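Text of target.cif, listed as mmCIF, C-alpha atoms and all ligand atoms:
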```cif
data_work
#
loop_
_atom_site.label_atom_id
_atom_site.label_comp_id
_atom_site.auth_asym_id
_atom_site.auth_seq_id
_atom_site.Cartn_x
_atom_site.Cartn_y
_atom_site.Cartn_z
CA MET A 12 87.87 94.54 117.00
CA THR A 13 86.35 91.98 119.34
CA PRO A 14 88.21 90.68 122.41
CA ASP A 15 87.70 87.00 121.51
CA THR A 16 89.32 87.31 118.08
CA ILE A 17 92.96 87.69 117.13
CA TYR A 18 93.99 89.48 113.96
CA ILE A 19 97.07 88.09 112.25
CA THR A 20 99.28 89.61 109.59
CA ASP A 21 101.53 86.94 108.09
CA VAL A 22 104.86 88.60 107.33
CA ALA A 23 106.53 85.55 105.74
CA PRO A 24 106.54 86.98 102.21
CA ARG A 25 108.57 90.00 103.47
CA ASP A 26 110.28 89.32 106.81
CA GLY A 27 110.43 85.58 106.09
CA LEU A 28 112.08 85.84 102.70
CA GLN A 29 114.23 88.97 103.03
CA ASN A 30 117.22 87.14 104.53
CA GLN A 31 117.11 83.72 102.87
CA ALA A 32 120.05 82.24 101.00
CA VAL A 33 117.62 80.92 98.38
CA HIS A 34 115.96 83.82 96.55
CA LEU A 35 112.40 82.91 95.61
CA SER A 36 111.05 83.79 92.18
CA THR A 37 108.03 86.08 91.97
CA GLU A 38 105.93 83.05 90.93
CA ALA A 39 107.03 81.09 93.99
CA LYS A 40 106.23 84.07 96.25
CA LEU A 41 102.76 84.24 94.71
CA ASP A 42 102.34 80.50 95.33
CA LEU A 43 103.32 81.00 98.97
CA ILE A 44 100.74 83.78 99.31
CA GLU A 45 98.17 81.53 97.59
CA HIS A 46 98.81 78.89 100.31
CA LEU A 47 98.31 81.54 102.99
CA VAL A 48 95.07 82.73 101.41
CA GLN A 49 93.86 79.12 101.15
CA ALA A 50 94.59 78.75 104.87
CA GLY A 51 92.33 81.73 105.64
CA VAL A 52 95.00 84.36 106.23
CA ASN A 53 93.43 87.73 105.33
CA SER A 54 96.40 90.05 105.91
CA VAL A 55 99.99 89.69 104.73
CA GLU A 56 103.09 91.84 104.48
CA ALA A 57 103.80 91.09 100.85
CA THR A 58 107.19 92.68 100.18
CA SER A 59 109.38 95.72 100.80
CA PHE A 60 110.38 98.64 98.61
CA VAL A 61 113.93 98.92 99.87
CA SER A 62 117.20 99.23 97.99
CA PRO A 63 117.75 96.08 95.89
CA LYS A 64 121.44 96.50 96.67
CA ALA A 65 120.66 96.18 100.40
CA VAL A 66 118.05 93.39 100.05
CA PRO A 67 118.16 91.70 96.64
CA GLN A 68 115.49 89.20 97.74
CA MET A 69 112.89 92.01 97.47
CA ALA A 70 113.97 93.38 94.08
CA ASP A 71 110.69 92.28 92.44
CA ALA A 72 108.51 94.33 94.85
CA GLY A 73 106.69 96.36 92.18
CA ASP A 74 105.77 93.40 90.01
CA LEU A 75 104.79 91.32 93.04
CA ILE A 76 102.45 93.79 94.73
CA GLY A 77 100.68 94.58 91.46
CA ARG A 78 99.98 90.89 90.90
CA VAL A 79 98.97 90.26 94.52
CA GLN A 80 96.36 93.01 94.40
CA THR A 81 94.94 91.91 91.07
CA ARG A 82 94.73 88.29 92.14
CA TRP A 83 93.42 88.80 95.70
CA PRO A 84 91.60 92.16 95.84
CA GLN A 85 90.10 91.26 99.26
CA LEU A 86 93.49 90.43 100.82
CA ARG A 87 95.04 93.11 103.01
CA SER A 88 98.58 93.31 101.67
CA SER A 89 100.93 95.89 103.14
CA VAL A 90 104.44 96.66 101.97
CA LEU A 91 107.40 97.95 103.97
CA VAL A 92 108.88 101.27 102.83
CA PRO A 93 112.03 102.74 104.44
CA ASN A 94 111.75 106.25 102.99
CA LEU A 95 109.89 108.55 100.56
CA LYS A 96 111.49 106.88 97.56
CA GLY A 97 110.10 103.54 98.77
CA LEU A 98 106.66 105.12 99.17
CA GLU A 99 106.84 106.59 95.67
CA ARG A 100 107.74 103.17 94.21
CA ALA A 101 105.05 101.41 96.26
CA HIS A 102 102.36 103.89 95.21
CA ALA A 103 103.36 103.67 91.55
CA ALA A 104 103.03 99.87 91.78
CA GLY A 105 99.51 100.21 93.23
CA ALA A 106 100.16 99.37 96.91
CA GLN A 107 97.22 100.21 99.17
CA GLU A 108 98.95 99.93 102.55
CA ILE A 109 102.50 100.74 103.63
CA ALA A 110 104.57 100.17 106.77
CA VAL A 111 107.37 102.45 107.95
CA VAL A 112 110.19 101.25 110.24
CA LEU A 113 111.46 103.28 113.16
CA CYS A 114 114.11 101.66 115.33
CA ALA A 115 114.15 102.79 118.95
CA SER A 116 117.94 103.12 119.06
CA GLU A 117 120.43 105.31 117.23
CA THR A 118 122.70 102.47 116.07
CA MET A 119 119.97 100.15 114.82
CA ASN A 120 118.53 102.90 112.59
CA ARG A 121 121.99 103.51 111.15
CA LYS A 122 122.56 99.82 110.45
CA ASN A 123 119.10 99.34 108.98
CA ILE A 124 118.44 102.46 106.93
CA ASN A 125 121.68 104.41 107.13
CA MET A 126 120.41 107.36 109.17
CA GLY A 127 120.24 108.26 112.87
CA LEU A 128 117.15 108.19 115.09
CA ASP A 129 116.13 111.85 114.67
CA ALA A 130 116.39 111.61 110.88
CA ALA A 131 114.54 108.28 110.86
CA LEU A 132 111.72 109.76 112.95
CA ASP A 133 111.48 112.69 110.56
CA VAL A 134 111.43 110.38 107.51
CA CYS A 135 108.76 108.14 109.08
CA GLU A 136 106.54 111.15 109.86
CA GLN A 137 106.96 112.56 106.35
CA THR A 138 106.32 109.17 104.77
CA LEU A 139 103.16 108.64 106.83
CA ALA A 140 101.88 112.14 105.99
CA GLN A 141 102.50 111.58 102.29
CA ALA A 142 100.92 108.12 102.41
CA HIS A 143 97.79 109.53 104.05
CA ALA A 144 97.63 112.29 101.41
CA LEU A 145 97.67 109.50 98.81
CA GLY A 146 94.81 107.72 100.62
CA LEU A 147 96.88 104.72 101.72
CA ARG A 148 96.47 102.70 104.90
CA THR A 149 99.52 102.74 107.17
CA ARG A 150 101.41 100.82 109.82
CA ALA A 151 104.46 101.97 111.79
CA TYR A 152 106.95 99.57 113.33
CA VAL A 153 108.73 100.55 116.49
CA ALA A 154 111.63 98.09 116.21
CA VAL A 155 114.15 97.00 118.87
CA ALA A 156 111.40 97.86 121.36
CA PHE A 157 112.91 95.54 123.99
CA ASP A 158 116.62 95.18 123.19
CA CYS A 159 118.94 96.55 120.54
CA PRO A 160 121.69 94.17 119.38
CA PHE A 161 124.17 97.07 119.50
CA GLU A 162 123.02 99.18 122.49
CA GLY A 163 121.46 96.65 124.90
CA GLU A 164 118.11 97.13 126.63
CA THR A 165 115.98 99.84 125.05
CA PRO A 166 114.62 102.30 127.62
CA LEU A 167 110.84 101.98 127.91
CA ALA A 168 110.56 105.78 127.84
CA ALA A 169 112.07 105.82 124.33
CA VAL A 170 109.58 103.22 123.11
CA LEU A 171 106.64 105.11 124.63
CA HIS A 172 107.83 108.39 123.12
CA LEU A 173 108.29 106.96 119.60
CA ALA A 174 104.99 105.07 119.73
CA ALA A 175 103.23 108.29 120.77
CA ARG A 176 104.84 110.13 117.83
CA MET A 177 103.57 107.42 115.48
CA VAL A 178 100.06 107.81 116.96
CA GLU A 179 100.29 111.58 116.38
CA ALA A 180 101.42 110.84 112.81
CA ARG A 181 98.15 108.88 112.45
CA ALA A 182 99.73 105.48 111.73
CA GLY A 183 96.81 103.06 111.44
CA GLU A 184 98.66 100.42 113.44
CA ILE A 185 101.65 100.82 115.71
CA VAL A 186 103.60 97.55 115.63
CA ILE A 187 105.86 96.94 118.61
CA ALA A 188 108.69 94.68 117.47
CA ASP A 189 111.00 92.36 119.38
CA THR A 190 113.54 92.42 116.56
CA ILE A 191 116.04 89.93 117.99
CA GLY A 192 113.56 87.81 119.94
CA SER A 193 115.10 88.64 123.31
CA ALA A 194 111.97 89.68 125.22
CA ALA A 195 110.51 87.71 128.13
CA PRO A 196 106.81 87.34 128.99
CA LEU A 197 106.66 89.56 132.09
CA GLN A 198 108.52 92.32 130.28
CA VAL A 199 106.20 91.98 127.27
CA LYS A 200 103.14 92.28 129.49
CA GLN A 201 104.55 95.30 131.32
CA ARG A 202 105.70 97.15 128.19
CA LEU A 203 102.51 96.51 126.24
CA SER A 204 100.36 97.47 129.21
CA ALA A 205 102.28 100.75 129.40
CA LEU A 206 101.92 101.21 125.64
CA ARG A 207 98.15 100.89 125.92
CA ASP A 208 98.23 104.27 127.68
CA VAL A 209 99.66 105.94 124.58
CA VAL A 210 98.32 103.78 121.71
CA PRO A 211 94.58 103.13 121.26
CA SER A 212 94.14 99.38 121.81
CA ASP A 213 92.60 98.71 118.39
CA ARG A 214 95.75 100.20 116.79
CA LEU A 215 98.33 98.35 118.89
CA ALA A 216 100.05 95.31 117.33
CA VAL A 217 103.01 93.16 118.30
CA HIS A 218 105.69 91.58 116.06
CA LEU A 219 107.62 88.82 117.83
CA HIS A 220 110.70 86.89 116.83
CA ASP A 221 111.26 83.48 118.41
CA THR A 222 115.02 83.27 118.90
CA ARG A 223 114.89 81.95 122.45
CA GLY A 224 111.75 79.79 122.21
CA LEU A 225 109.64 82.32 124.11
CA GLY A 226 107.62 83.58 121.14
CA ALA A 227 104.36 81.86 122.10
CA ALA A 228 104.80 82.74 125.78
CA ASN A 229 105.41 86.36 124.76
CA ALA A 230 102.30 86.29 122.56
CA TRP A 231 100.32 85.04 125.55
CA ALA A 232 101.72 87.90 127.64
CA ALA A 233 100.68 90.34 124.90
CA LEU A 234 97.18 88.84 124.91
CA GLU A 235 97.05 89.32 128.67
CA ALA A 236 98.00 92.95 128.13
CA GLY A 237 94.98 93.28 125.83
CA VAL A 238 96.74 93.11 122.46
CA ARG A 239 94.78 91.35 119.71
CA ARG A 240 96.84 92.22 116.62
CA PHE A 241 99.84 90.05 115.85
CA ASP A 242 102.44 89.68 113.15
CA SER A 243 103.76 86.15 112.66
CA SER A 244 105.35 84.17 109.89
CA VAL A 245 104.29 80.80 108.54
CA GLY A 246 106.93 78.19 109.31
CA GLY A 247 108.64 80.68 111.63
CA ILE A 248 110.81 82.02 108.83
CA GLY A 249 112.26 85.50 109.14
CA GLY A 250 114.82 87.88 110.54
CA CYS A 251 116.28 91.29 109.82
CA PRO A 252 119.55 90.99 107.87
CA PHE A 253 120.92 94.08 109.67
CA ALA A 254 120.21 92.92 113.25
CA PRO A 255 122.78 90.34 114.39
CA GLY A 256 121.08 87.52 116.29
CA ALA A 257 117.65 88.07 114.73
CA ALA A 258 116.17 84.63 114.13
CA GLY A 259 112.80 83.63 112.72
CA ASN A 260 109.48 85.19 113.60
CA LEU A 261 106.91 83.63 115.88
CA ALA A 262 105.41 80.91 113.66
CA THR A 263 101.85 81.56 112.52
CA GLU A 264 100.96 77.92 113.22
CA ASP A 265 102.14 78.22 116.86
CA LEU A 266 100.14 81.43 117.30
CA VAL A 267 96.99 79.97 115.72
CA LEU A 268 97.27 76.79 117.81
CA MET A 269 97.59 78.83 120.98
CA ALA A 270 94.67 81.04 119.98
CA GLN A 271 92.46 78.05 119.24
CA ARG A 272 93.41 76.33 122.51
CA CYS A 273 92.51 79.52 124.38
CA GLY A 274 89.10 79.92 122.76
CA LEU A 275 90.13 82.81 120.54
CA THR A 276 89.01 82.70 116.92
CA SER A 277 91.20 83.48 113.95
CA ASP A 278 89.50 81.82 110.93
CA ILE A 279 92.78 80.15 109.92
CA SER A 280 93.05 76.43 109.15
CA LEU A 281 96.05 74.76 110.79
CA ASP A 282 96.18 71.92 108.23
CA ALA A 283 96.25 74.38 105.35
CA LEU A 284 98.91 76.44 107.13
CA LEU A 285 101.07 73.34 107.37
CA ASP A 286 100.68 72.90 103.62
CA ALA A 287 102.14 76.42 103.33
CA VAL A 288 105.05 75.36 105.58
CA ASP A 289 105.66 72.28 103.38
CA PHE A 290 105.69 74.51 100.32
CA ALA A 291 108.13 77.00 101.90
CA GLU A 292 110.39 74.14 103.01
CA ALA A 293 110.56 72.73 99.50
CA GLN A 294 111.30 76.16 98.06
CA LEU A 295 113.88 77.22 100.64
CA GLN A 296 115.41 73.75 100.81
CA LYS A 297 115.61 73.54 104.58
CA PRO A 298 113.47 72.31 107.47
CA LEU A 299 110.97 74.89 108.71
CA GLY A 300 108.10 75.01 111.14
CA GLY A 301 107.23 76.43 114.52
CA ARG A 302 107.65 74.75 117.88
CA ALA A 303 104.36 72.86 117.45
CA SER A 304 104.86 71.78 113.86
CA ALA A 305 106.06 68.20 114.48
CA TRP A 306 102.95 67.47 116.56
CA LEU A 307 100.71 69.34 114.15
CA ARG A 308 102.08 67.33 111.23
CA ARG A 309 101.43 64.02 113.02
CA GLU A 310 97.86 65.10 113.74
CA ARG A 311 97.34 66.17 110.13
CA ALA A 312 98.66 62.81 108.89
CA LYS A 313 96.24 60.96 111.18
CA ARG A 314 93.30 63.04 109.96
CA ARG A 315 94.24 62.51 106.32
CA GLU A 316 94.67 58.76 106.81
CA ALA A 317 91.21 58.59 108.36
CA LEU A 318 89.60 60.16 105.27
P1 LIG A 401 121.24 104.72 101.40
O1 LIG A 401 122.40 104.15 100.66
O2 LIG A 401 121.52 105.55 102.60
O3 LIG A 401 120.28 105.54 100.45
O4 LIG A 401 120.26 103.54 101.78
P2 LIG A 401 120.49 106.81 99.59
O5 LIG A 401 119.27 107.67 99.81
O6 LIG A 401 121.86 107.41 99.81
O7 LIG A 401 120.44 106.19 98.11
C1 LIG A 401 121.42 105.26 97.67
C2 LIG A 401 120.83 104.52 96.48
O8 LIG A 401 119.69 103.75 96.90
C3 LIG A 401 120.33 105.46 95.40
O9 LIG A 401 120.46 104.76 94.16
C4 LIG A 401 118.86 105.58 95.71
O10 LIG A 401 118.09 105.93 94.60
C5 LIG A 401 118.54 104.17 96.18
P3 LIG A 401 121.75 104.96 93.21
O11 LIG A 401 121.76 106.44 92.93
O12 LIG A 401 122.96 104.49 94.02
O13 LIG A 401 121.46 104.09 92.05
N1 LIG A 401 117.36 104.10 97.05
C6 LIG A 401 116.38 103.22 96.88
N2 LIG A 401 116.19 102.26 95.94
C7 LIG A 401 115.06 101.54 96.04
N3 LIG A 401 114.14 101.73 97.01
C8 LIG A 401 114.30 102.66 97.95
C9 LIG A 401 115.47 103.46 97.90
N4 LIG A 401 115.93 104.47 98.66
C10 LIG A 401 117.09 104.85 98.13
N5 LIG A 401 113.38 102.82 98.91
C11 LIG A 401 118.09 102.63 102.28
C12 LIG A 401 119.05 103.79 102.51
C13 LIG A 401 116.96 102.81 103.27
C14 LIG A 401 117.57 102.70 100.87
C15 LIG A 401 118.83 101.29 102.49
O14 LIG A 401 119.54 101.35 103.69
C16 LIG A 401 117.91 100.11 102.52
O15 LIG A 401 117.25 99.79 101.56
N6 LIG A 401 117.85 99.41 103.65
C17 LIG A 401 117.06 98.17 103.74
C18 LIG A 401 116.46 98.09 105.09
C19 LIG A 401 115.73 96.78 105.22
O16 LIG A 401 115.12 96.27 104.30
N7 LIG A 401 115.75 96.22 106.46
C20 LIG A 401 114.99 95.04 106.75
C21 LIG A 401 113.58 95.39 107.00
S1 LIG A 401 113.30 96.06 108.64
C22 LIG A 401 113.04 94.62 109.60
O17 LIG A 401 113.21 93.52 109.15
C23 LIG A 401 112.50 94.79 111.00
C24 LIG A 401 111.00 94.46 111.10
O18 LIG A 401 110.74 93.14 110.69
C25 LIG A 401 110.51 94.65 112.53
C26 LIG A 401 111.40 93.93 113.54
O19 LIG A 401 111.46 92.70 113.52
O20 LIG A 401 112.00 94.66 114.33
C27 LIG A 401 110.16 95.41 110.24
MG MG A 402 110.90 91.38 111.92
#
```
The structure given in the file should be rewritten as structure tokens.
Ligand code: HMG
Ligand code: MG
Amino acid sequence: MTPDTIYITDVAPRDGLQNQAVHLSTEAKLDLIEHLVQAGVNSVEATSFVSPKAVPQMADAGDLIGRVQTRWPQLRSSVLVPNLKGLERAHAAGAQEIAVVLCASETMNRKNINMGLDAALDVCEQTLAQAHALGLRTRAYVAVAFDCPFEGETPLAAVLHLAARMVEARAGEIVIADTIGSAAPLQVKQRLSALRDVVPSDRLAVHLHDTRGLGAANAWAALEAGVRRFDSSVGGIGGCPFAPGAAGNLATEDLVLMAQRCGLTSDISLDALLDAVDFAEAQLQKPLGGRASAWLRRERAKRREAL
């Protein structure tokens, strides 16, 4: 990891699509990932192995991940698993990297995966241990790390404790998530600075939602705290179906624009990313795009006219 580079995992294929009224076909999901690869994205969260009754949009997870890995063997493609059954399904389908989800409040765990915090912690630790025994790479989300939609502000001590447990469980990345997009920049800087004392900096990542328009400001605050690993979603699509008020993720195009304007490299083409946004818009039949997308589209049109 170098300090002048940011590392982006585009979570649109999972977080972006898990709560959409239009359910994309496996082919359309592969086309979306193709657009991301064309744009230079080298890490995606491809799908989730959750109950198809809970999230029907992800029912094709096994077929999808198999095809993603055959088609793009160099692409880092993780999959979300909520429990050991999810891990078993993911491994059988050939997944190479999994992500577990631990919510930092009792109620959010119950709403999301139907178990309390202690049980969820236990399941995450068991799932990580089993994944490592299978030789898989791992990530661990610490969700509602700022506010829980049911319990209010999450105590920092709880976030630090759970992140430390995920470090002990040897999660390759610990992903601090602002599930409902309620965080503010100063708070992000303070929490992530504190987290750097318990999580090695090359394993610390942040997953921001952009409900209140502060996603890019929060990403800047995370950068100032030394974080270089980010989740974002092309077009800003996303949101957890079980967290009321969760809107879209920080848009990848906003994050890349900010990174480029700050002299940080990311190897991602903004014009090609916008092509991915156009594709997602056509598929999902609604306007998409981050805060910068109108300006970015005008600039792209000018460049294309000049050709
Ligand atoms: P449950 O009903 O408590 O599970 O659901 P169960 O163990 O009692 O099993 C019930 C049925 O589900 C059984 O099938 C199981 O086999 C099956 P049946 O006998 O009825 O036919 N089952 C499964 N099927 C497929 N895959 C599995 C699986 N596990 C059990 N892995 C469960 C518990 C976790 C399954 C359920 O609550 C669930 O799937 N929840 C979905 C959670 C989810 O997808 N949330 C969104 C992702 S998290 C997020 O978006 C936040 C994040 O972006 C970060 C942030 O922004 O904060 C990551
Ligand atoms: Mg999310």
_Could you tell me how far CA of Glu136 in chain A sits from CA of Glu179 in chain A, in Å to one decimal place?_
9.0 Å
*asked:* List as a ChimeraX atom specification the protein and nucleic acid residues near Val245 in chain A, meaning an atom at most 6 Å away when only C-alpha atoms are counted, but skip any in the same chain fewer than 3 places from it.
replied: /A:23,262-263
Please produce a file of those selected residues containing C-alpha atoms, as an mmCIF file, in the frame of the given file.
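Output file result09.cif follows:
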```cif
data_model
loop_
_atom_site.group_PDB
_atom_site.id
_atom_site.type_symbol
_atom_site.label_atom_id
_atom_site.label_comp_id
_atom_site.auth_asym_id
_atom_site.auth_seq_id
_atom_site.Cartn_x
_atom_site.Cartn_y
_atom_site.Cartn_z
ATOM 1 C CA ALA A 23 106.530 85.550 105.740
ATOM 2 C CA ALA A 262 105.410 80.910 113.660
ATOM 3 C CA THR A 263 101.850 81.560 112.520
#
```
Can I get the residues of chain A within 6 Å of ligand LIG 401 (chain A), each with the closest pair of atoms and their distance in Å to one decimal, using all atoms listed in the file, sorted chain first then ascending number, as a Markdown table?
```
| residue | atom | partner | partner_atom | distance |
| --- | --- | --- | --- | --- |
| A:Asp26 | CA | A:LIG401 | O18 | 5.5 |
| A:Phe60 | CA | A:LIG401 | N3 | 5.1 |
| A:Val61 | CA | A:LIG401 | O15 | 3.8 |
| A:Ser62 | CA | A:LIG401 | O15 | 3.6 |
| A:Ala65 | CA | A:LIG401 | O15 | 5.1 |
| A:Val66 | CA | A:LIG401 | O16 | 5.9 |
| A:Pro93 | CA | A:LIG401 | C13 | 5.1 |
| A:Asn94 | CA | A:LIG401 | N5 | 5.6 |
| A:Lys96 | CA | A:LIG401 | N5 | 4.7 |
| A:Gly97 | CA | A:LIG401 | N5 | 3.4 |
| A:Val112 | CA | A:LIG401 | C27 | 5.8 |
| A:Asn123 | CA | A:LIG401 | C18 | 4.9 |
| A:Ile124 | CA | A:LIG401 | O14 | 3.6 |
| A:Asn125 | CA | A:LIG401 | O2 | 4.7 |
| A:Ala154 | CA | A:LIG401 | O20 | 3.9 |
| A:Val155 | CA | A:LIG401 | O20 | 5.5 |
| A:Ala188 | CA | A:LIG401 | O20 | 4.6 |
| A:Asp189 | CA | A:LIG401 | O20 | 5.6 |
| A:Thr190 | CA | A:LIG401 | O20 | 3.5 |
| A:Cys251 | CA | A:LIG401 | O17 | 3.9 |
```
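Distance check against Val209 in chain A using all atoms listed in the file: of A:Ala194, A:Ala287, A:Ala227, A:Ala174, the minimum falls on A:Ala174.
Our summary of the geometry notes that CA of Val79 in chain A is positioned 23.7 Å from CA of Leu261 in chain A.
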*Which residue gives the smallest distance to Val111 in chain A among A:Val52, A:Met177, A:Leu35, A:Leu86, with only C-alpha atoms counted?*
A:Met177
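Among the candidates A:Asp15, A:Asp282, A:Glu164, A:Asp213, the residue lying nearest to Ala270 in chain A is A:Asp15 (atoms considered: all atoms listed in the file).
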_Expected answer as an MDAnalysis selection string: all residues with atoms within 12 Å of (107.3, 107.8, 124.7), all atoms listed in the file_ = chainID A and resid 115 153 156 165:179 202 205:210
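Near ligand MG 402 (chain A), at a distance of at most 9 Å and with all atoms listed in the file counted, sit the residues Val22, Arg25, Asp26, Gly27, Ala154, Ala188, Asp189, Thr190, Ile191, His218, Leu219, His220, Asp242, Ser243, Gly249, Gly250, Cys251, Ala257, Ala258, Gly259 and Asn260 of chain A.
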_Close residues, range 303-313 of chain A itself excluded, 9 Å, only C-alpha atoms, min 5 positions apart in chain, as a ChimeraX atom specification_ = /A:246,262,264-265,268,281-282,285,318
*Who sits within 12 Å of Gln296 in chain A, only C-alpha atoms, same chain under 2 positions skipped, as a PyMOL selection string*: chain A and resi 31-35+288-294+298-299
*May I ask which of the residues A:Met12, A:Leu95, A:Val48, A:Ala232 is the closest one to Asp278 in chain A, counting all atoms listed in the file?*
A:Val48
Since the input lacks some atoms of range 274-281 of chain A, please model all heavy atoms and print them as a short mmCIF file (atom, residue, chain, number, x, y, z; two decimals), in the coordinates of the input.
```cif
data_model
loop_
_atom_site.label_atom_id
_atom_site.label_comp_id
_atom_site.auth_asym_id
_atom_site.auth_seq_id
_atom_site.Cartn_x
_atom_site.Cartn_y
_atom_site.Cartn_z
N GLY A 274 90.46 79.48 123.07
CA GLY A 274 89.10 79.92 122.76
C GLY A 274 89.03 81.22 121.97
O GLY A 274 87.97 81.85 121.90
N LEU A 275 90.14 81.61 121.38
CA LEU A 275 90.13 82.81 120.54
C LEU A 275 89.97 82.37 119.08
O LEU A 275 90.59 81.40 118.66
CB LEU A 275 91.44 83.58 120.68
CG LEU A 275 91.71 84.18 122.06
CD1 LEU A 275 93.19 84.45 122.22
CD2 LEU A 275 90.91 85.45 122.24
N THR A 276 89.20 83.09 118.32
CA THR A 276 89.01 82.70 116.92
C THR A 276 89.99 83.45 116.03
O THR A 276 90.41 84.56 116.33
CB THR A 276 87.58 83.00 116.45
OG1 THR A 276 87.36 84.40 116.59
CG2 THR A 276 86.56 82.22 117.22
N SER A 277 90.33 82.81 114.91
CA SER A 277 91.20 83.48 113.95
C SER A 277 90.85 83.13 112.50
O SER A 277 91.41 83.72 111.58
CB SER A 277 92.67 83.12 114.20
OG SER A 277 92.91 81.81 113.75
N ASP A 278 89.93 82.20 112.29
CA ASP A 278 89.50 81.82 110.93
C ASP A 278 90.63 81.27 110.08
O ASP A 278 90.62 81.39 108.87
CB ASP A 278 88.87 83.01 110.18
CG ASP A 278 87.54 83.41 110.77
OD1 ASP A 278 86.91 82.54 111.42
OD2 ASP A 278 87.14 84.57 110.58
N ILE A 279 91.65 80.70 110.70
CA ILE A 279 92.78 80.15 109.92
C ILE A 279 92.82 78.64 110.15
O ILE A 279 92.71 78.17 111.29
CB ILE A 279 94.11 80.82 110.33
CG1 ILE A 279 94.06 82.30 109.95
CG2 ILE A 279 95.29 80.13 109.67
CD1 ILE A 279 95.30 83.09 110.31
N SER A 280 92.99 77.89 109.06
CA SER A 280 93.05 76.43 109.15
C SER A 280 94.50 75.98 109.40
O SER A 280 95.40 76.31 108.62
CB SER A 280 92.55 75.83 107.82
OG SER A 280 93.20 74.59 107.58
N LEU A 281 94.69 75.23 110.46
CA LEU A 281 96.05 74.76 110.79
C LEU A 281 96.57 73.79 109.74
O LEU A 281 97.75 73.85 109.35
CB LEU A 281 96.06 74.10 112.17
CG LEU A 281 96.16 75.09 113.33
CD1 LEU A 281 95.83 74.42 114.65
CD2 LEU A 281 97.55 75.71 113.39
#
```
